[in-house]
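Here the structure comes first, spelled out in structure tokens, and everything after it is commentary.
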Amino acid sequence: MPRHAHGPPFAAVVFDCDSTLSTIEGIEELTAEHPEIAALTADAMEGRVPLEEVYGKRLELARPVVSDMGRIAERYQATALAGAAELVAALHHLGKRVEIVSGGLLPAVRPFGVQLGVPADRIHAVDLSFDGDGAYADYDRRSPLARAGGKRELLEARFPEGDVALVGDGATDLEAMDVCARFIAFTAVERRAEVVAGADVEVDRGDLAALLPHLLSAAEFEALRGAPGGAFDDLLARAEEARP
Ligand SMILES: [Mg+2]
């Protein structure tokens, strides 16, 4: 499908999770004793090796137990970027579809996303299975999100019109940009030169309000200004301050 790049408005906004909605890489929370896992993650995110080469390897090293999932979800929440939940609420107020598409672990990403206000069925990541004792059994090997090009595949299937803005920091996000109307490289946590070079826009502020000028039309800004009780006034003020 040829790319139909355009500016706002967009019918949908999709966020990456790790280093975009939260400052952490979830899988690294499992791996304090495995420094080689951080190196594998960096190789994949910078596009030096295909994701599928490292996905299973990282999990075999980490062998997460079921209780690790809640712990990572709490870490995501504790390290959420400023403005994340407000931004989701504002996008929903405007009638947009908000989704999370992550190469992280679904049992940790989903509760975090739900806390931010994203419906559970719009949160996509790689599911894990555990045995009866809660020990790691396997990951969902059919998940496109555990392999290179998988975000692109999933986004193309979910948004065949391509009327979607994607926000992310990694090589797997950049790979998906040609099925999206706009790709915003979010670099407040991790700045990868090759991702920025390919992106339509870069946002480097650690307050997600800074995304609004790149996501909304003037009419949509007005609609948020008119929300009952000035619900989005603070978010809008921060967005204006960040306007390029
Ligand atoms: Mg990321």
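Naming works like this for the structure tokens: A, B, ... for the chains as they're shown, residue 1 at the start of each chain, ligands 1 onward in shown order.
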
Enumerate as a VMD selection string the residues within 9 Å of ligand 1, counting only C-alpha atoms and all ligand atoms.
chain A and resid 15 to 25 45 102 to 104 168 to 173 186 190

Please produce a file of those selected residues containing C-alpha atoms, as a CSV table (one decimal), in the first residue's frame.
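Written output follows (selection-v3.csv):
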```csv
chain,number,residue,atom,x,y,z
A,15,PHE,CA,1.5,4.5,21.1
A,16,ASP,CA,4.5,2.3,21.7
A,17,CYS,CA,4.8,1.5,25.4
A,18,ASP,CA,8.4,1.1,26.5
A,19,SER,CA,10.4,4.3,26.4
A,20,THR,CA,7.3,6.1,25.1
A,21,LEU,CA,4.5,5.9,27.6
A,22,SER,CA,6.9,4.8,30.3
A,23,THR,CA,10.6,5.5,30.8
A,24,ILE,CA,11.5,1.8,31.3
A,25,GLU,CA,12.0,-1.2,29.0
A,45,MET,CA,15.7,-1.5,19.1
A,102,SER,CA,4.1,-2.9,22.0
A,103,GLY,CA,6.8,-5.6,21.6
A,104,GLY,CA,6.7,-5.9,25.4
A,168,GLY,CA,7.3,5.6,19.3
A,169,ASP,CA,11.0,5.5,19.9
A,170,GLY,CA,12.4,2.3,18.3
A,171,ALA,CA,13.3,0.7,15.0
A,172,THR,CA,10.2,-1.5,15.1
A,173,ASP,CA,8.1,1.7,15.2
A,186,PHE,CA,9.4,10.3,20.7
A,190,GLU,CA,15.8,7.3,24.2
```

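Shell of Leu145 in chain A at 8 Å, with only C-alpha atoms counted and residues fewer than 4 places along the chain excluded, is A:Ser102, A:Gly103, A:Ala125, A:Val126, A:Gly149, A:Gly150, A:Lys151, A:Leu154.
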
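Of the residues listed (A:Arg243, A:Arg142, A:His92, A:Arg97), A:Arg243 shows the shortest atom-to-atom separation from His214 in chain A; distances use only C-alpha atoms.
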
Which residues are close to range 131-141 of chain A, i.e. within 6 Å by only C-alpha atoms, leaving aside same-chain residues fewer than 6 positions away? Reply as a ChimeraX atom specification.
/A:63-66

Just-selected residues, N, CA and C atoms written as a short mmCIF file (atom, residue, chain, number, x, y, z; two decimals), in the first residue's frame:
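See again-v3.cif below for the written result:
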```
data_model
loop_
_atom_site.label_atom_id
_atom_site.label_comp_id
_atom_site.auth_asym_id
_atom_site.auth_seq_id
_atom_site.Cartn_x
_atom_site.Cartn_y
_atom_site.Cartn_z
N ARG A 63 13.44 -15.98 32.16
CA ARG A 63 12.47 -16.91 32.74
C ARG A 63 11.54 -16.23 33.75
N PRO A 64 10.73 -15.28 33.28
CA PRO A 64 9.86 -14.55 34.20
C PRO A 64 8.82 -15.46 34.84
N VAL A 65 8.48 -15.18 36.08
CA VAL A 65 7.40 -15.91 36.73
C VAL A 65 6.16 -15.02 36.71
N VAL A 66 5.02 -15.61 36.95
CA VAL A 66 3.77 -14.88 36.76
C VAL A 66 3.71 -13.64 37.65
#
```

Residues within 10 Å of Val179 in chain A, only C-alpha atoms, excluding chain neighbours under 2 positions, as a list in words
Met1, Pro2, Arg3, His4, Ala5, Lys151, Arg152, Glu153, Leu154, Leu155, Glu156, Ala157, Phe159, Pro160, Glu161, Gly162, Asp163, Val164, Ala165, Leu166, Glu175, Ala176, Met177, Ala181, Arg182 and Phe183 of chain A

Restricting the output to N, CA and C atoms, write the selected residues as a CSV table (one decimal), in the first residue's frame.
```
chain,number,residue,atom,x,y,z
A,1,MET,N,0.8,-1.2,0.0
A,1,MET,CA,0.0,0.0,0.0
A,1,MET,C,0.9,1.2,0.0
A,2,PRO,N,0.6,2.2,-0.9
A,2,PRO,CA,1.4,3.4,-0.9
A,2,PRO,C,1.1,4.2,0.4
A,3,ARG,N,2.1,5.0,0.8
A,3,ARG,CA,1.9,5.7,2.0
A,3,ARG,C,1.1,7.0,1.7
A,4,HIS,N,0.1,7.2,2.6
A,4,HIS,CA,-0.7,8.4,2.5
A,4,HIS,C,-0.4,9.3,3.7
A,5,ALA,N,0.8,10.0,3.6
A,5,ALA,CA,1.2,10.8,4.7
A,5,ALA,C,0.3,12.1,4.8
A,151,LYS,N,5.0,-4.8,13.9
A,151,LYS,CA,4.1,-3.7,14.2
A,151,LYS,C,3.5,-3.2,12.9
A,152,ARG,N,4.3,-3.2,11.9
A,152,ARG,CA,3.7,-2.7,10.6
A,152,ARG,C,2.6,-3.6,10.1
A,153,GLU,N,2.8,-4.9,10.3
A,153,GLU,CA,1.8,-5.9,9.9
A,153,GLU,C,0.5,-5.7,10.7
A,154,LEU,N,0.6,-5.5,12.0
A,154,LEU,CA,-0.5,-5.4,12.9
A,154,LEU,C,-1.3,-4.1,12.6
A,155,LEU,N,-0.5,-3.0,12.4
A,155,LEU,CA,-1.1,-1.7,12.2
A,155,LEU,C,-1.9,-1.7,10.8
A,156,GLU,N,-1.3,-2.3,9.8
A,156,GLU,CA,-1.9,-2.4,8.5
A,156,GLU,C,-3.2,-3.1,8.6
A,157,ALA,N,-3.2,-4.2,9.4
A,157,ALA,CA,-4.5,-5.0,9.5
A,157,ALA,C,-5.5,-4.2,10.3
A,159,PHE,N,-5.7,-0.9,10.8
A,159,PHE,CA,-6.0,0.5,10.3
A,159,PHE,C,-5.8,0.4,8.8
A,160,PRO,N,-6.7,-0.3,8.1
A,160,PRO,CA,-6.4,-0.4,6.6
A,160,PRO,C,-6.5,0.9,5.9
A,161,GLU,N,-7.2,1.9,6.5
A,161,GLU,CA,-7.2,3.2,5.8
A,161,GLU,C,-5.9,4.0,6.0
A,162,GLY,N,-5.2,3.6,7.0
A,162,GLY,CA,-3.9,4.2,7.3
A,162,GLY,C,-4.1,5.6,8.0
A,163,ASP,N,-5.3,5.9,8.5
A,163,ASP,CA,-5.5,7.2,9.0
A,163,ASP,C,-5.2,7.2,10.5
A,164,VAL,N,-3.9,7.0,10.8
A,164,VAL,CA,-3.4,6.8,12.1
A,164,VAL,C,-2.1,7.4,12.3
A,165,ALA,N,-1.9,8.1,13.5
A,165,ALA,CA,-0.6,8.6,13.9
A,165,ALA,C,0.0,7.6,14.9
A,166,LEU,N,1.3,7.4,14.7
A,166,LEU,CA,2.1,6.4,15.5
A,166,LEU,C,3.1,7.2,16.2
A,175,GLU,N,9.7,1.1,11.3
A,175,GLU,CA,9.4,0.1,10.3
A,175,GLU,C,7.9,0.2,9.9
A,176,ALA,N,7.1,0.7,10.9
A,176,ALA,CA,5.6,0.7,10.6
A,176,ALA,C,5.2,2.0,10.0
A,177,MET,N,6.1,2.9,9.8
A,177,MET,CA,5.6,4.3,9.5
A,177,MET,C,4.9,4.3,8.1
A,181,ALA,N,-0.3,7.5,8.7
A,181,ALA,CA,-0.3,8.9,8.1
A,181,ALA,C,0.8,9.8,8.7
A,182,ARG,N,1.2,9.5,9.9
A,182,ARG,CA,2.3,10.3,10.5
A,182,ARG,C,3.0,9.4,11.5
A,183,PHE,N,4.4,9.5,11.5
A,183,PHE,CA,5.1,8.8,12.6
A,183,PHE,C,5.9,9.9,13.4
```

Do a neighbour search on Gln77 in chain A at 10 Å with only C-alpha atoms, toss out local chain neighbours closer than 3 positions, and write the hits as a tab-separated table (two decimals) with N, CA and C atoms, in the first residue's frame.
```tsv
chain	number	residue	atom	x	y	z
A	21	LEU	N	5.45	5.56	26.57
A	21	LEU	CA	4.46	5.89	27.61
A	21	LEU	C	5.09	5.78	29.00
A	22	SER	N	6.18	5.04	29.08
A	22	SER	CA	6.88	4.83	30.34
A	22	SER	C	8.38	4.94	30.05
A	23	THR	N	9.15	5.30	31.05
A	23	THR	CA	10.59	5.51	30.77
A	23	THR	C	11.38	4.20	30.78
A	24	ILE	N	10.74	3.09	31.16
A	24	ILE	CA	11.51	1.85	31.26
A	24	ILE	C	11.33	0.95	30.03
A	71	ARG	N	4.61	-6.89	38.92
A	71	ARG	CA	5.71	-6.01	39.33
A	71	ARG	C	6.11	-5.07	38.18
A	72	ILE	N	6.19	-5.61	36.97
A	72	ILE	CA	6.55	-4.75	35.83
A	72	ILE	C	5.43	-3.73	35.56
A	73	ALA	N	4.19	-4.18	35.68
A	73	ALA	CA	3.07	-3.25	35.47
A	73	ALA	C	3.17	-2.08	36.45
A	74	GLU	N	3.51	-2.38	37.68
A	74	GLU	CA	3.67	-1.30	38.68
A	74	GLU	C	4.84	-0.38	38.33
A	80	ALA	N	5.57	6.22	34.37
A	80	ALA	CA	4.78	6.74	33.24
A	80	ALA	C	5.21	8.17	32.95
A	81	LEU	N	5.21	8.52	31.67
A	81	LEU	CA	5.54	9.88	31.28
A	81	LEU	C	4.45	10.83	31.75
A	109	VAL	N	1.99	-5.07	30.10
A	109	VAL	CA	1.60	-3.87	29.35
A	109	VAL	C	0.10	-3.60	29.50
A	111	PRO	N	-2.29	-4.21	31.98
A	111	PRO	CA	-2.80	-3.49	33.14
A	111	PRO	C	-2.32	-2.04	33.20
A	112	PHE	N	-1.12	-1.78	32.72
A	112	PHE	CA	-0.62	-0.39	32.67
A	112	PHE	C	-1.46	0.43	31.70
A	113	GLY	N	-1.68	-0.10	30.51
A	113	GLY	CA	-2.47	0.62	29.52
A	113	GLY	C	-3.89	0.89	30.01
A	115	GLN	N	-4.81	1.27	33.07
A	115	GLN	CA	-4.73	2.37	34.05
A	115	GLN	C	-4.65	3.73	33.37
A	116	LEU	N	-4.05	3.76	32.19
A	116	LEU	CA	-3.98	5.03	31.44
A	116	LEU	C	-5.29	5.35	30.74
```

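Using only C-alpha atoms, the smallest distance between any of A:Val189, A:Ala84, A:Ala209, A:Ala108 and Asp233 in chain A comes from A:Ala209.
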
Residues within 7 Å of Leu216 in chain A, only C-alpha atoms, excluding chain neighbours under 4 positions, as an MDAnalysis selection string
chainID A and resid 8:9 212 220:221

Got time to write the residues from that selection, N, CA and C atoms, as a PDB file, in the first residue's frame?
```
ATOM      1  N   PRO A   8      -2.680  16.383  10.899  1.00  0.00           N
ATOM      2  CA  PRO A   8      -3.934  16.176  11.642  1.00  0.00           C
ATOM      3  C   PRO A   8      -5.132  16.705  10.864  1.00  0.00           C
ATOM      4  N   PRO A   9      -6.345  16.218  11.143  1.00  0.00           N
ATOM      5  CA  PRO A   9      -6.669  15.231  12.190  1.00  0.00           C
ATOM      6  C   PRO A   9      -6.436  13.782  11.737  1.00  0.00           C
ATOM      7  N   LEU A 212       0.556  16.998  21.435  1.00  0.00           N
ATOM      8  CA  LEU A 212      -0.744  17.476  20.940  1.00  0.00           C
ATOM      9  C   LEU A 212      -0.650  18.330  19.672  1.00  0.00           C
ATOM     10  N   GLU A 220      -9.758  20.689  16.546  1.00  0.00           N
ATOM     11  CA  GLU A 220      -9.737  19.761  17.689  1.00  0.00           C
ATOM     12  C   GLU A 220      -9.206  20.451  18.951  1.00  0.00           C
ATOM     13  N   PHE A 221      -8.223  21.331  18.790  1.00  0.00           N
ATOM     14  CA  PHE A 221      -7.778  22.120  19.949  1.00  0.00           C
ATOM     15  C   PHE A 221      -8.954  22.910  20.525  1.00  0.00           C
TER      16      PHE A 221
END
```

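Distance-wise, CA of Ala227 in chain A and CA of His93 in chain A end up 8.3 Å apart.
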
Would you please give, as a PyMOL selection string, all residues of range 2-243 of chain A that DSSP assigns to alpha helix (DSSP H) based on the backbone?
chain A and resi 35-45+51-62+66-78+84-93+106-116+150-158+171-175+193-198+212-215+218-225+233-242

Can you list, as a ChimeraX atom specification, every protein, DNA or RNA residue that comes within 10 Å of Lys96 in chain A when you count only C-alpha atoms, leaving out same-chain residues fewer than 5 positions away?
/A:9-13,88-91,164

Using N, CA and C atoms, can you write the selected residues to a file as a PDB file, in the first residue's frame?
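Generated output (out-v1.pdb):
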```pdb
ATOM      1  N   PRO A   9      -6.345  16.218  11.143  1.00  0.00           N
ATOM      2  CA  PRO A   9      -6.669  15.231  12.190  1.00  0.00           C
ATOM      3  C   PRO A   9      -6.436  13.782  11.737  1.00  0.00           C
ATOM      4  N   PHE A  10      -6.356  12.906  12.751  1.00  0.00           N
ATOM      5  CA  PHE A  10      -6.223  11.465  12.534  1.00  0.00           C
ATOM      6  C   PHE A  10      -7.379  10.757  13.233  1.00  0.00           C
ATOM      7  N   ALA A  11      -7.841   9.673  12.642  1.00  0.00           N
ATOM      8  CA  ALA A  11      -8.929   8.913  13.275  1.00  0.00           C
ATOM      9  C   ALA A  11      -8.436   8.176  14.514  1.00  0.00           C
ATOM     10  N   ALA A  12      -7.156   7.816  14.508  1.00  0.00           N
ATOM     11  CA  ALA A  12      -6.625   6.989  15.598  1.00  0.00           C
ATOM     12  C   ALA A  12      -5.199   7.410  15.936  1.00  0.00           C
ATOM     13  N   VAL A  13      -4.826   7.141  17.171  1.00  0.00           N
ATOM     14  CA  VAL A  13      -3.455   7.381  17.609  1.00  0.00           C
ATOM     15  C   VAL A  13      -2.962   6.115  18.304  1.00  0.00           C
ATOM     16  N   VAL A  88      -4.500  10.507  26.789  1.00  0.00           N
ATOM     17  CA  VAL A  88      -5.442   9.462  26.370  1.00  0.00           C
ATOM     18  C   VAL A  88      -6.876   9.970  26.551  1.00  0.00           C
ATOM     19  N   ALA A  89      -7.140  10.612  27.678  1.00  0.00           N
ATOM     20  CA  ALA A  89      -8.494  11.135  27.933  1.00  0.00           C
ATOM     21  C   ALA A  89      -8.878  12.189  26.900  1.00  0.00           C
ATOM     22  N   ALA A  90      -7.936  13.045  26.549  1.00  0.00           N
ATOM     23  CA  ALA A  90      -8.221  14.106  25.572  1.00  0.00           C
ATOM     24  C   ALA A  90      -8.516  13.502  24.199  1.00  0.00           C
ATOM     25  N   LEU A  91      -7.746  12.514  23.810  1.00  0.00           N
ATOM     26  CA  LEU A  91      -7.958  11.879  22.498  1.00  0.00           C
ATOM     27  C   LEU A  91      -9.304  11.159  22.468  1.00  0.00           C
ATOM     28  N   VAL A 164      -3.902   6.994  10.776  1.00  0.00           N
ATOM     29  CA  VAL A 164      -3.440   6.777  12.136  1.00  0.00           C
ATOM     30  C   VAL A 164      -2.092   7.450  12.326  1.00  0.00           C
TER      31      VAL A 164
END
```

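Nearest residue to Val54 in chain A, choosing from A:Leu215, A:Ala185, A:Met69, A:Ala148 and counting only C-alpha atoms: A:Ala148.
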
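In terms of minimum interatomic distance to Gly56 in chain A, A:Leu105 ranks closest within A:Ala42, A:Val195, A:Leu105, A:Val167, counting only C-alpha atoms.
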